[in-house]
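One structure is given here, and the rest of the page talks about it.
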There are 4 protein chains.
Amino acid sequence: MRQNLLRADNKLLNYPIREVVTIGKQLEKLGNFKMIWENIGDPVTAGEAVPEWIKTIVRENAITDQAFAYTDTRGYLPTRQYVLDNFSNEKVCTVDDILFFNGLGEAINKVINNLPREARILVPSPTYPSHATAEAMHAGCSFISYQLDPENNWEPDLEEIENKVKYNDHVVAILVINPNNPTGSVFKRETLESIVKIAKEHDCFLIFDEIYHSMVFDGVDNTLLHEIIDDVPGISMKGISKDVPWPGSRCGWIEVYNAEKDREFQNFIKMILLAKMLEVCSTTLPQMILPYIYEAPEFEPYLKSRIAKYQRRAEQAVTQLNQLSNVRVSMPGGVFYLVVELLDLPRSSLIAKTKSIRLFIDNLLGNNTDSANSLADKKQERANADFQFCYELMGSEGICVVPLSGFGSNLHGFRMTLLQEDDVVFSQTLDAISRGIEHYYA
Amino acid sequence: MRQNLLRADNKLLNYPIREVVTIGKQLEKLGNFKMIWENIGDPVTAGEAVPEWIKTIVRENAITDQAFAYTDTRGYLPTRQYVLDNFSNEKVCTVDDILFFNGLGEAINKVINNLPREARILVPSPTYPSHATAEAMHAGCSFISYQLDPENNWEPDLEEIENKVKYNDHVVAILVINPNNPTGSVFKRETLESIVKIAKEHDCFLIFDEIYHSMVFDGVDNTLLHEIIDDVPGISMKGISKDVPWPGSRCGWIEVYNAEKDREFQNFIKMILLAKMLEVCSTTLPQMILPYIYEAPEFEPYLKSRIAKYQRRAEQAVTQLNQLSNVRVSMPGGVFYLVVELLDLPRSSLIAKTKSIRLFIDNLLGNNTDSANSLADKKQERANADFQFCYELMGSEGICVVPLSGFGSNLHGFRMTLLQEDDVVFSQTLDAISRGIEHYYA
Amino acid sequence: MRQNLLRADNKLLNYPIREVVTIGKQLEKLGNFKMIWENIGDPVTAGEAVPEWIKTIVRENAITDQAFAYTDTRGYLPTRQYVLDNFSNEKVCTVDDILFFNGLGEAINKVINNLPREARILVPSPTYPSHATAEAMHAGCSFISYQLDPENNWEPDLEEIENKVKYNDHVVAILVINPNNPTGSVFKRETLESIVKIAKEHDCFLIFDEIYHSMVFDGVDNTLLHEIIDDVPGISMKGISKDVPWPGSRCGWIEVYNAEKDREFQNFIKMILLAKMLEVCSTTLPQMILPYIYEAPEFEPYLKSRIAKYQRRAEQAVTQLNQLSNVRVSMPGGVFYLVVELLDLPRSSLIAKTKSIRLFIDNLLGNNTDSANSLADKKQERANADFQFCYELMGSEGICVVPLSGFGSNLHGFRMTLLQEDDVVFSQTLDAISRGIEHYYA
Amino acid sequence: MRQNLLRADNKLLNYPIREVVTIGKQLEKLGNFKMIWENIGDPVTAGEAVPEWIKTIVRENAITDQAFAYTDTRGYLPTRQYVLDNFSNEKVCTVDDILFFNGLGEAINKVINNLPREARILVPSPTYPSHATAEAMHAGCSFISYQLDPENNWEPDLEEIENKVKYNDHVVAILVINPNNPTGSVFKRETLESIVKIAKEHDCFLIFDEIYHSMVFDGVDNTLLHEIIDDVPGISMKGISKDVPWPGSRCGWIEVYNAEKDREFQNFIKMILLAKMLEVCSTTLPQMILPYIYEAPEFEPYLKSRIAKYQRRAEQAVTQLNQLSNVRVSMPGGVFYLVVELLDLPRSSLIAKTKSIRLFIDNLLGNNTDSANSLADKKQERANADFQFCYELMGSEGICVVPLSGFGSNLHGFRMTLLQEDDVVFSQTLDAISRGIEHYYA
């Protein structure tokens, strides 16, 4: 090519939690076994059947011509009205403040990339990688973050947030994921109110990723941004991928709150709308069907039963894993993930299913130092300790989980899902993970 | 807000062809009439009924659980295989070189934005605004372009392309829209071969927007990029919004050709895939249904009858409009648009339907100079002459068309659609447009 | 011009303290009087005669051919050796770590502009505007700063420095001006040691502007960076414009400390050297003469007597001005500036020397609201309160001082010089300033 | 360091012609011999004595206090007036359009860096590296250039200039070096007039580096930009380093022509002035002395005799070198450089003075493939063929010249100077070069 085609910031664009899958697939082939995939948050893939009544709704509403046409750039008007009436708040939002996107990934991308390069968003750590990577690519350097505290049920470190806002002029927004991915934590109302207060005091705006807003365990209270935002400008991100669950719909939206309260913020939202306009509109069909699903009498009991299952899974996992030494887990308040922290994680190994798996992992980790042509020679950096653990767990127990450091955290551990449909398989999985941890530390 | 939130390049992000719609809607209210919308290329909105057999296919295939789940980041594998077998070419493409996006708008955005800022793409003029605006935003300055020649049936100016590539080191790719939007032209094979040759000679890659590849009139030959690309790296962009037609699906894809022929190009494609990965995947359902529609026995005759209608409409319009002085139209070879060039276009006016419409348009154009508070005082630049004509045509004849200068062209005229279902309405529309032109020049 | 030539960040490039001079010159003409210029730190312009022995040294050493030739890019080797032996420290610096520039302005520019855009330098407030503006232009947004505390003798706010470093990942360096311009403060050794400790703990480097290192009052101890830097990477900036004084020589240098202690820092210094190389070298003659001046027996007593004068001036000014209410001044430890803080500064006025001066200032401040064509209509922002005071002082008392807010401070007040040669004129100046302040607050 | 300190564009900042010197110095040590330095354009270093009358002028004018003080940001007013009266043209320039810099290097840097990143300057090839590197760093990618034609006495390729301006919207200015460094060519008036015409037609501005404006051989006519610029905006760059000669003064200036003819251009010049203001002013002393030197009765004959020598040297060298096969040289029209083109240059070698020199050069070129720790293993790219020739010439004949490809050219050859004071040494040098070339091709 006559010119360089590689952006100078290409190193910032990575997605480590997907690398694990690639490696896992190679291990499956080498060992001729079937991996148990505890890594991905897709209920459908994890075996939850899509209920017949949802399929019927889709079938019946795909009939209209309108479902095939472009819709408004902002999104299908009746659905925006439905969202306003049911998920949002007329005190801080209008029907024109709701913008539909092709999934939250696109929403995140459009929101973050339409800021000036020097305007930074403070993201949590651990975090959902799409936020962190988008923030880093936008700024042209590493993302900036505040800690979720594993000793305090993964609540945000409020002092750190306040200091990072107060002492870093670049920060224009605080990102909160609540209920939280990956930790499953549902933050206390006081915590969230304090974050709103910090934003207000320091003239920032708020971004709340609330995609899991309805995935809350029995007895847990979830506070939504629109309930507490007061007159601070803010954005709530929601979608139908998790609760319906229809991840393949790529149907998410943002609710903009208090747009009119700040001229700068208003201009920024206008940029997002213009950028969206260049891609005409988001997928029509899921938008049109959305209200029918949420209004169906079957929805509420269906969701409840799913959540009850996750809660059961979480309780079982927390109880069992907390018995291990060097392990710390907190009981989640919702969502369908569990983060298992591995304290003082050593560099160790497990017995691989086959010799070829052993050699593959050794090569990956650069352990076979006698080989002159080791792949590792070409590697600049050593894999994080918890990546190593996850490789060993895959190669030995055939279970794929995601290393915690892959979520932009400097803690070690992993995230597993609570989606498993089969009780026996879930128990076996927990046993295998426990065994893997014990042997790894031994 | 504590910091500026407005990107320095915000002025580059505009979409003038949407402004016309906003103004049209206001005129409808002021004059209490119904506009005939000849501006938008959405067959469904334009009154073409979605055939029952398509709806049935969607209905029947929305049943599977998989349709609700995430799919591969690249797209649903069987559909990628189908695309490879039916629309692409195994000689230059593999199943992994096909990437699905949420509509071509997203594909354009991801392709252009993952280039380094100084790497420029040469776009046609007139052009589809999404390409031009994405290119400008990416580069941080005006887009760069080559002319389509209205005196030569809107064929690309090959000499200009060659010179702009040869003498501008920034250019790394040539963008071709074929069959062409907005002109409806289907380029000659020799023209396209020459463009491939230029790219090869100057070590560039090619981007062909072929979204209208099957919308070709009877007797016209369309040449696809993969037929002629040889060993030049290239990207073809296609989708189902126009021929199925299912614009609301936001289902488009790119086919990457000869990725392995250039390491720089390969790295660039890898960046696109990584960026896509951050948004997980594209909408699953339309991808899964795609092969069923194209394979349906009803598809071929259905498409043929639609194209036949567009061809009839085009012939009628070309014949009638070419009789007017100061007008130049070329018979399109496909697509469902017609560009009507208005030569030596004056600043003039038409008789508005109501006085309030007159005042509104005058205000818009800054004509009422006696008014101290005229909107125009705040306007920095005067509307282009063809924007003025389109405002007058809306206010007088109630027909909305898109000014040609809104497509990044320095020619004057407008683009109208050929989608109208009703023969009588179409004839009346043509009469009204002819009348408008004649009076405007009078 | 065919393309825009105005950089998007052009608004960041300003130098407010020069605007005052332009206005002052206009006032001189309007009122037909001679301004007393207390704004500029050029001893020669302020009336200090260049001693005959310095002129003789220049005369005698301009004879060599070498004084006309290019010198090394780093600077004239014997002079670098002299600087190392006399102003620097072999423990942390070598002769190749000393780089000569055409004045500190160039050094500042080259140092700051060769950092990546996202790497920020924390600068003091108030500050010397060249640092702040260079930092802002480099980053593409406002400069970031820590406060010097007027209630604590203008010592740096250590807590703020620590927090801004700790909580803002962008910060890679802390800039200290010691002895300080504009406040005249000479920082305590403990303060400076604490700053070194902060840099060490947070893995930053240090930039000390020590151009006034020898301008320290009797009884005051000045601590140099090289005495306390330990193993932290750092840069000291010095020059001959103030102590020799030879501002017209544009002869400054940087001493790089502990370059070898950090690979990133070393690469950064290499970039500075390469950038310097493109401009070949710095002016040769002053570099060659430098050691002769410092080694002359006359130098020491000459410098002492100048400093003694500044100290006398400072004592007189502090005593007199502190008697005024609403005024806060601290006794400087060196340099030849005094910052006079004006507490709760109102918007007020003084009696202008002539009516045309009155009208000019009113116009400048946008006070003549009855005038339809007031300049102020076109002004977007109102002048800071202390700029207003300085305009009034010029127009009434004929004395030009620089508003404190022009030094990147959010405090109000002004900086005056202590350079005045004539005792009587200095007393009259102080009286006039005092009178101005009293009337302004009255 | 806590953050990356290396700019992404660091690779663009290089100065290959200085590398040769470093290597030459190492060879001197290895072979224990004295290199003849034909690489650097510093008459003083090359042995031309600075005449006594110049030294006297400096001595006598360094007496004034003003010579020690800051001067105006634009430069010392009487000298700017002198420059206007003697080197510039009141028809297109005023005294305020003349800005002094610390050498042309700084002027180039300030001019180029104050353009928006996308505004490009077309530079000649071969070129003086400071221009090309500054242009590349400013744009963030390789510099863009037009060819000087070795078959046409190094005249600019007008067709290429016109095409590169016409077909590349990024180009806002054309840079011309006349009389030319490195080729020594003095361009024809018609050529220069054509370039002005191109700029006018395409709405660009002109930058003429005219530092050698008075170094023109007997019988050759030089055309200055101000004589032909008409109403096109332009910048002439001049200085006293070559004709006085006082390279160590770092005293150059720009003359801005027709600033008022284009608002964009005017704003751009304002940015340059503001950037200059941040560094206060340029070195005062040489500015003050400048008119005295040019006005001295000795100046004219002194300059003439120097030029006569260069012309003699050029004639001798051209005659002798043109007798060699594979060599092409054109008789220069001025300056004190000669470019010797080496046609179809092979990869070859010469007999090194010592074995250690041989090993050093082999290592440099990556020839000793048996060595496991060869430096070349770490080198990514092979040295250009003419760099190889120059290394061999240094190692064998002890003569240092600069490879032509180091001047941003894709031709092979080298630049030598015509400064040598001693007739015998010059003849010996020519003989040695001739011998080197013959053996290298043998």
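Residues in the structure tokens are named by chain (A, B, ... in the order shown) and by number from 1 within that chain; ligands are numbered from 1 in the order shown.
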Check: Would you list which chain C residues are within 7 Å of chain A using only C-alpha atoms, as a ChimeraX atom specification?
Finding: /C:163-164,167-168
Next item on the list: Would you mind writing down, as a PyMOL selection string, each residue of stretch 75-179 of chain A that DSSP on the backbone assigns to alpha helix (DSSP H)?
Entry: chain A and resi 77-86+103-113+129-139+158-166
Checklist line | Residues near stretch 31-39 of chain C, cut-off 10 Å, only C-alpha atoms, skip fewer than 5 positions along chain, as a ChimeraX atom specification | finding: /C:17-18,20-21,24-26,45-46,337,352-358,394-403,414-420,425-426,429
Next item on the list: Just give me the gap between atom CA of A:Phe208 and atom CA of A:Ser236 in Å, one decimal is fine.
Entry: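 Here the two named atoms are 4.8 Å from each other.
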If you take only C-alpha atoms and a cut-off of 12 Å, which residues of stretch 187-215 of chain A touch stretch 84-92 of chain A, and what are their nearest atom pairs and distances in Å to one decimal, in chain and number order, as a Markdown table?
| residue | atom | partner | partner_atom | distance |
| --- | --- | --- | --- | --- |
| A:Glu210 | CA | A:Phe87 | CA | 10.6 |
| A:Ile211 | CA | A:Phe87 | CA | 11.3 |
| A:His213 | CA | A:Phe87 | CA | 9.4 |
| A:Ser214 | CA | A:Phe87 | CA | 10.0 |
Resulting file, chosen residues, C-alpha atoms, as a short mmCIF file (atom, residue, chain, number, x, y, z; two decimals), in the first residue's frame:
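This is the output file again-v3.cif:
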data_model
loop_
_atom_site.label_atom_id
_atom_site.label_comp_id
_atom_site.auth_asym_id
_atom_site.auth_seq_id
_atom_site.Cartn_x
_atom_site.Cartn_y
_atom_site.Cartn_z
CA GLU A 210 -28.57 0.32 33.27
CA ILE A 211 -28.91 -2.54 30.80
CA HIS A 213 -32.02 -2.63 35.47
CA SER A 214 -34.66 -5.35 35.79
#
Next item on the list: Tell me, in Å to one decimal, how far atom CA of C:Arg347 is from atom CA of C:Arg435.
Entry: 16.7 Å
Margin query: Please list as number ranges by chain every residue within 12 Å of C:Gln388, counting only C-alpha atoms and excluding residues in the same chain fewer than 3 positions away.
Written below: C: 20, 23, 345-350, 361-367, 382-385, 391-395, 401-406, 412-414, 440
Checklist line | Those of stretch 253-416 of chain D in DSSP strand (DSSP E), formatted as a ChimeraX atom specification | finding: /D:253-257,327-328,337-342,399-400,402-403,413-416
Saved selection, atoms kept: C-alpha atoms, as a short mmCIF file (atom, residue, chain, number, x, y, z; two decimals), in the first residue's frame:
data_model
loop_
_atom_site.label_atom_id
_atom_site.label_comp_id
_atom_site.auth_asym_id
_atom_site.auth_seq_id
_atom_site.Cartn_x
_atom_site.Cartn_y
_atom_site.Cartn_z
CA TRP D 253 13.96 36.88 9.10
CA ILE D 254 10.82 36.47 7.08
CA GLU D 255 9.28 39.11 4.85
CA VAL D 256 5.53 38.67 4.52
CA TYR D 257 4.13 39.85 1.20
CA VAL D 327 28.49 10.76 -12.99
CA ARG D 328 26.28 13.73 -13.78
CA TYR D 337 27.41 23.47 -2.91
CA LEU D 338 27.69 20.97 -5.73
CA VAL D 339 25.48 17.92 -6.17
CA VAL D 340 27.20 14.98 -7.83
CA GLU D 341 24.71 12.46 -9.16
CA LEU D 342 25.86 8.83 -9.29
CA ILE D 399 36.45 12.60 2.81
CA CYS D 400 33.02 13.29 4.24
CA VAL D 402 26.44 14.03 2.34
CA PRO D 403 24.40 11.37 0.50
CA GLY D 413 24.71 10.86 -5.31
CA PHE D 414 26.13 13.31 -2.83
CA ARG D 415 26.49 16.97 -1.98
CA MET D 416 29.91 18.46 -1.42
#
Note to self: Give me the residues near A:Asn102 as a PyMOL selection string, where near means some atom within 8 Å (using only C-alpha atoms) and where sequence neighbours in that chain fewer than 4 positions away do not count.
What the structure shows: (chain A and resi 106-107+249-252+282-283) or (chain B and resi 102+282-283)
Next item on the list: Mind checking which residues fall within 7 Å of A:Cys204, counting only C-alpha atoms, ignoring those fewer than 6 positions away in the same chain, and posting them as a list in words?
Entry: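 Listed by chain and then number, they are Val172 and Ala173 of chain A; Met1 and Arg2 of chain B.
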Residue selection dump (N, CA and C atoms) as a CSV table (one decimal), in the first residue's frame:
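Okay, out_13.csv is ready:
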chain,number,residue,atom,x,y,z
A,172,VAL,N,-15.2,14.8,32.3
A,172,VAL,CA,-16.5,15.5,32.1
A,172,VAL,C,-17.7,14.6,32.4
A,173,ALA,N,-17.4,13.4,32.7
A,173,ALA,CA,-18.5,12.5,33.0
A,173,ALA,C,-18.1,11.3,33.8
B,1,MET,N,-21.1,23.1,32.0
B,1,MET,CA,-20.2,22.0,32.0
B,1,MET,C,-18.8,22.5,32.2
B,2,ARG,N,-18.0,21.8,33.0
B,2,ARG,CA,-16.7,22.3,33.4
B,2,ARG,C,-15.7,22.3,32.2
Next item on the list: Quick one: pull the distance between atom CA of D:Val186 and atom CA of D:Arg80, Å, one decimal.
Entry: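 Here the two named atoms are 26.2 Å from each other.
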